[in-house]
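Visitor: Take this structure, written in structure tokens, and hold onto it; I'll ask about it next.
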Amino acid sequence: MTEVLQVILYGLVLGSIIVLGAIGLTLTYGILNFANFAHGDMMTLGAYFALFYRFGLGWPLSLSLVAAMISGAVAAVLIDKVVYRPLRSRGSITLLIASVGVALIIRNLIRFVWGPDNHYYRRGIQFPIRWMGLRIKPDHLWILGVALVLVILVHVFLRYTKIGKAMRAMADNMELAMVTGIATERIVVWTWAIGAALCVAAGFLLGLDTQLFPDMGWNLLLPIFAAVILGGIGSPYGAMAGGLIIGMTQELSTLFISAAYKPVVAFVIMIVILLVRPGGIFRTGGAVKL
Amino acid sequence: MTVEGVLSYLVFFATMAGIYAVLSLGLNIQWGYNGLFNIGIAGFFAVGAYTSAILTTPPSPTHLGGFGLPMMVGFLAAGAASGLIALLIGIPTLRLREDYLAIATIGIAETIRYIFQNEAWLAGGIRGLAGIPFPWRRALGPSANFVYLALVIAILAALYFALERGLRSPWGRVLKAIREDEYVAAASGKDVFRFRLESLVLGGIVMGFAGSLYAHFVGFISPQAFHPMLTTFIVWVMLTVGGSGNNKGAIVGAYLVWAIWSMTEFVTDFLPSAMATRAASLRVVLIGVLLIAVLMYRPTGLFGEERHVSRLIARSPTGGSHARSG
């Protein structure tokens, strides 16, 4: 029983990292209408930004996270300006191809600047706190805490601010949002900035949990996509639920099969969802064409 | 560098580029003619390579197979296995939005890589499979690579003519019609799902062939050789640069991009070894920039699509825009 609880704790940790990645991806997916394959590598970039602030400038870790989130937001808005905006009129698939290009450019620039080796935010081993037979690393509490705070902030932002409401409206129905006079270009910029900031936080927490390496975000992209599809594209609340479900299932699967297959578990869930409820678990229809 | 050295490098170059050209042709069937967004090329390529390797290597105690069958059998089985994977992935996804197919194909490519990486009993796991035979290598001696190049070119040419013929037939016109507007195609009584499945499977078979050619050429394969983004991505760049929807473009694009890729390797080879590994990542950046630049400034690629209705109607000389509705 303790073992299962332990795995559930790991599932919560992984799930909250996926949630932060999935909210950003689902917003850009819903509002800009394209699957951004550079999202995972944006996570990696954010993690390395924080590494730079931590060790390059010697800032405290929490400040490094905030600075990295702002840098990530700026980077995403710039990438949109240079790459995606000129291509936006050419349809979602052209944007998708471009995002694959952006993904490789980001990842290999990281490899060029920081090298292929692993990096860590902290040196040395953290001794786990023992509580009711569970082993809890202090970092895990940090991850859960930061994720919870950010999710609450996202909720307040989406519910109570004008920009947040406009974003939900655009993700829901673009034409209707435009008819009501929402300044779509400005919202697009906000979407990139907020999506990237959350995604940077996810990368940072992933780095805190394990280590930083150039493929770290790419390896998490498939589970993040699975969470987005599970929750329904464009739905931030769906992404939160989807992220927790995917993270939890991935960790629970290690009780039965090799941990090497964790990403495959996410993929299998995604395919099943595509087959039985292609609009996500919370709604039907919408995704099926012919 | 000696004359022989240059010549043998050119043969190596032309063979590798030829194998990539086969991949590019496979993608052209799916994307160029039917608008299917497959970014799991590396997976189909890997299935072909491993199938061929398992069937043709001599018996081995450490992994599955080693059936010692002729290369020809391996080649055909590689296409069949890869086509089967395409069929399995196509059935759940081809009725859905096109970006779902993209996510599903990258998923299958990653899954395939994880399986080959972790299941040592299947194909040696992370250590890979060595000693994949090329039947006449010993008998031919130094000219073996020439013969292999001739084989690759012959297969490439055969595929080219077969595809040109198929894609100019009524079947090919339906593929294009579906790409341009699936509703119109469906309204005129075409089974959109079936045609898409055929296009995905046919492309998968061709990619499986390429995997077999690669395995027998290099003689050793391991999961690292099929890293999804690199193999998949470079083929996408090849087809985009050459001009999707044009088989000639697919082949020329493959040779051109492989030439650029190889030349940048020469440059990084001159750097001190400490810098060389890092500079190698700049090569990928360059290829990424090339892709985005082509998308922005020359979306039709070098050749563009050849407008073609029927051989009974005179063809128009220039390629049209490759516009499609999102």
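Residues in the structure tokens are named by chain (A, B, ... in the order shown) and by number from 1 within that chain; ligands are numbered from 1 in the order shown.
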Identify, on the basis of only C-alpha atoms, every residue whose closest approach to Asn145 (chain B) does not exceed 9 Å; exclude the query and any residue fewer than 5 positions from it along the same chain; express the result as a list in words.
Guide: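 Answer for this query is Ser8, Val11, Phe12, Thr15, Arg137, Leu140, Ala150 and Phe217 of chain B.
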Visitor: If we count only C-alpha atoms, which residues of chain B reach to within 8 Å of chain A? Please list them as an mmCIF file with C-alpha atoms, in the first residue's frame.
Guide:
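Ended up saving to selection.cif:
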```
data_model
loop_
_atom_site.group_PDB
_atom_site.id
_atom_site.type_symbol
_atom_site.label_atom_id
_atom_site.label_comp_id
_atom_site.auth_asym_id
_atom_site.auth_seq_id
_atom_site.Cartn_x
_atom_site.Cartn_y
_atom_site.Cartn_z
ATOM 1 C CA PHE B 37 1.119 14.993 -42.258
ATOM 2 C CA PRO B 92 -7.685 5.167 -35.926
ATOM 3 C CA THR B 93 -6.293 8.514 -37.059
ATOM 4 C CA ARG B 95 -10.758 10.055 -39.920
ATOM 5 C CA LEU B 96 -9.587 12.736 -37.515
ATOM 6 C CA ARG B 97 -8.132 16.195 -37.936
ATOM 7 C CA ASP B 99 -2.840 17.501 -36.882
ATOM 8 C CA ILE B 103 0.842 13.694 -33.246
ATOM 9 C CA ALA B 104 -0.009 10.026 -33.705
ATOM 10 C CA GLY B 107 3.981 8.873 -31.123
ATOM 11 C CA GLU B 110 8.873 7.221 -30.482
ATOM 12 C CA THR B 111 7.183 3.994 -29.402
ATOM 13 C CA TYR B 114 11.643 2.802 -27.232
ATOM 14 C CA ASN B 118 14.649 -1.576 -24.443
ATOM 15 C CA GLU B 182 -11.898 16.489 -48.995
ATOM 16 C CA TYR B 183 -15.543 17.552 -48.967
ATOM 17 C CA VAL B 192 -11.883 9.685 -48.667
ATOM 18 C CA PHE B 193 -10.809 7.428 -45.810
ATOM 19 C CA MET B 229 13.625 14.446 -35.167
ATOM 20 C CA PHE B 233 13.139 16.354 -40.094
ATOM 21 C CA ARG B 278 29.167 21.730 -30.274
ATOM 22 C CA ALA B 279 29.509 23.037 -33.800
ATOM 23 C CA SER B 281 24.577 21.176 -33.398
ATOM 24 C CA LEU B 282 24.890 24.357 -35.446
ATOM 25 C CA VAL B 284 21.078 21.192 -37.430
ATOM 26 C CA VAL B 285 20.266 24.832 -36.705
ATOM 27 C CA LEU B 286 21.278 25.702 -40.255
ATOM 28 C CA GLY B 288 16.146 24.361 -39.483
ATOM 29 C CA VAL B 289 16.692 27.891 -40.736
ATOM 30 C CA LEU B 291 13.323 24.936 -43.785
ATOM 31 C CA ILE B 292 11.716 28.058 -42.356
ATOM 32 C CA LEU B 295 8.443 28.022 -46.126
ATOM 33 C CA MET B 296 8.523 31.811 -46.046
ATOM 34 C CA ALA B 323 -2.055 26.366 -51.616
ATOM 35 C CA ARG B 324 -4.277 24.265 -49.530
ATOM 36 C CA SER B 325 -7.020 25.058 -47.129
ATOM 37 C CA GLY B 326 -5.965 24.642 -43.531
#
```
Visitor: DSSP on the backbone: which residues in region 63-282 of chain A end up as helix (DSSP H, G or I)? Give the answer as a ChimeraX atom specification.
Guide: /A:63-90,92-114,138-160,162-172,174-179,184-209,216-231,236-253,259-276
Visitor: If you measure from CA of Leu25 (chain A) to CA of Gln211 (chain A), what distance in Å do you get, rounded to one decimal?
Guide: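 Pair CA of Leu25 (chain A) / CA of Gln211 (chain A) returns 22.5 Å.
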Visitor: Name the closest residue to Arg165 (chain B) among the candidates B:Pro58, B:Gly65, B:Asn247, B:Ser199; distances are taken between atoms, counting only C-alpha atoms.
Guide: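 Between B:Pro58, B:Gly65, B:Asn247, B:Ser199, the residue approaching Arg165 (chain B) most closely is B:Asn247.
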Visitor: Leaving out Val235 (chain B) and any residue of its chain fewer than 3 positions from it, which residues lie within 7 Å of it when counting only C-alpha atoms, given as a list in words?
Guide: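 Listed by chain and then number, they are Tyr20, Leu23, Ser24, Thr231, Thr232, Met238 and Leu239 of chain B.
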Visitor: With distances taken over only C-alpha atoms, which residue among B:Leu122, B:Ala130, B:Leu167, B:Val206 lies nearest Thr57 (chain B)?
Guide: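 Answer, going by the shortest atom-to-atom distance: B:Ala130.
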Visitor: Ranking A:Leu212, A:Leu65, A:Ile281, A:Val156 by minimum distance to Gly231 (chain A) and counting only C-alpha atoms, which one comes first?
Guide: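 Checking each of A:Leu212, A:Leu65, A:Ile281, A:Val156 against Gly231 (chain A), counting only C-alpha atoms, the winner is A:Ile281.
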Visitor: Which residues are close to Pro228 (chain B), i.e. within 8 Å by only C-alpha atoms, leaving aside same-chain residues fewer than 6 positions away? Reply as a PyMOL selection string.
Guide: chain B and resi 40-43+106+109-110
Visitor: Taking into account only C-alpha atoms, which residue in the set B:Gln30, B:Gln117, B:Ser212, B:Thr277 is nearest to Thr56 (chain B)?
Guide: B:Ser212
Visitor: My list of candidates is A:Leu176, A:Ile152, A:Leu51, A:Val189. Which is closest to Arg85 (chain A) when distances are computed with only C-alpha atoms?
Guide: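 Of A:Leu176, A:Ile152, A:Leu51, A:Val189, the one nearest Arg85 (chain A), counting only C-alpha atoms, is A:Val189.
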Visitor: Go through A:Ala68, A:Ile187, A:Ile224, A:Ala22 one by one, measure the shortest atom-to-atom distance of each to Tyr48 (chain A) using only C-alpha atoms, and give the residue with the smallest value.
Guide: A:Ala68
Visitor: Using DSSP assignments from the backbone, pull out every residue in region 74-286 of chain A that falls under strand (DSSP E) and give it to me as a VMD selection string.
Guide: chain A and resid 129 to 131 134 to 136
Visitor: Limited to N, CA and C atoms, could you put the picked residues into a file as a CSV table (one decimal), in the first residue's frame?
Guide:
```csv
chain,number,residue,atom,x,y,z
A,129,ILE,N,12.3,13.5,3.4
A,129,ILE,CA,11.5,13.5,4.7
A,129,ILE,C,10.7,12.2,4.8
A,130,ARG,N,10.7,11.6,5.9
A,130,ARG,CA,9.9,10.4,6.1
A,130,ARG,C,8.6,10.8,6.8
A,131,TRP,N,7.5,10.4,6.1
A,131,TRP,CA,6.2,10.8,6.6
A,131,TRP,C,5.2,9.7,6.3
A,134,LEU,N,6.2,7.3,3.8
A,134,LEU,CA,6.5,7.8,2.5
A,134,LEU,C,7.8,8.5,2.5
A,135,ARG,N,8.6,8.4,1.4
A,135,ARG,CA,9.8,9.2,1.3
A,135,ARG,C,9.5,10.4,0.4
A,136,ILE,N,9.6,11.6,1.0
A,136,ILE,CA,9.2,12.9,0.3
A,136,ILE,C,10.4,13.7,0.2
```
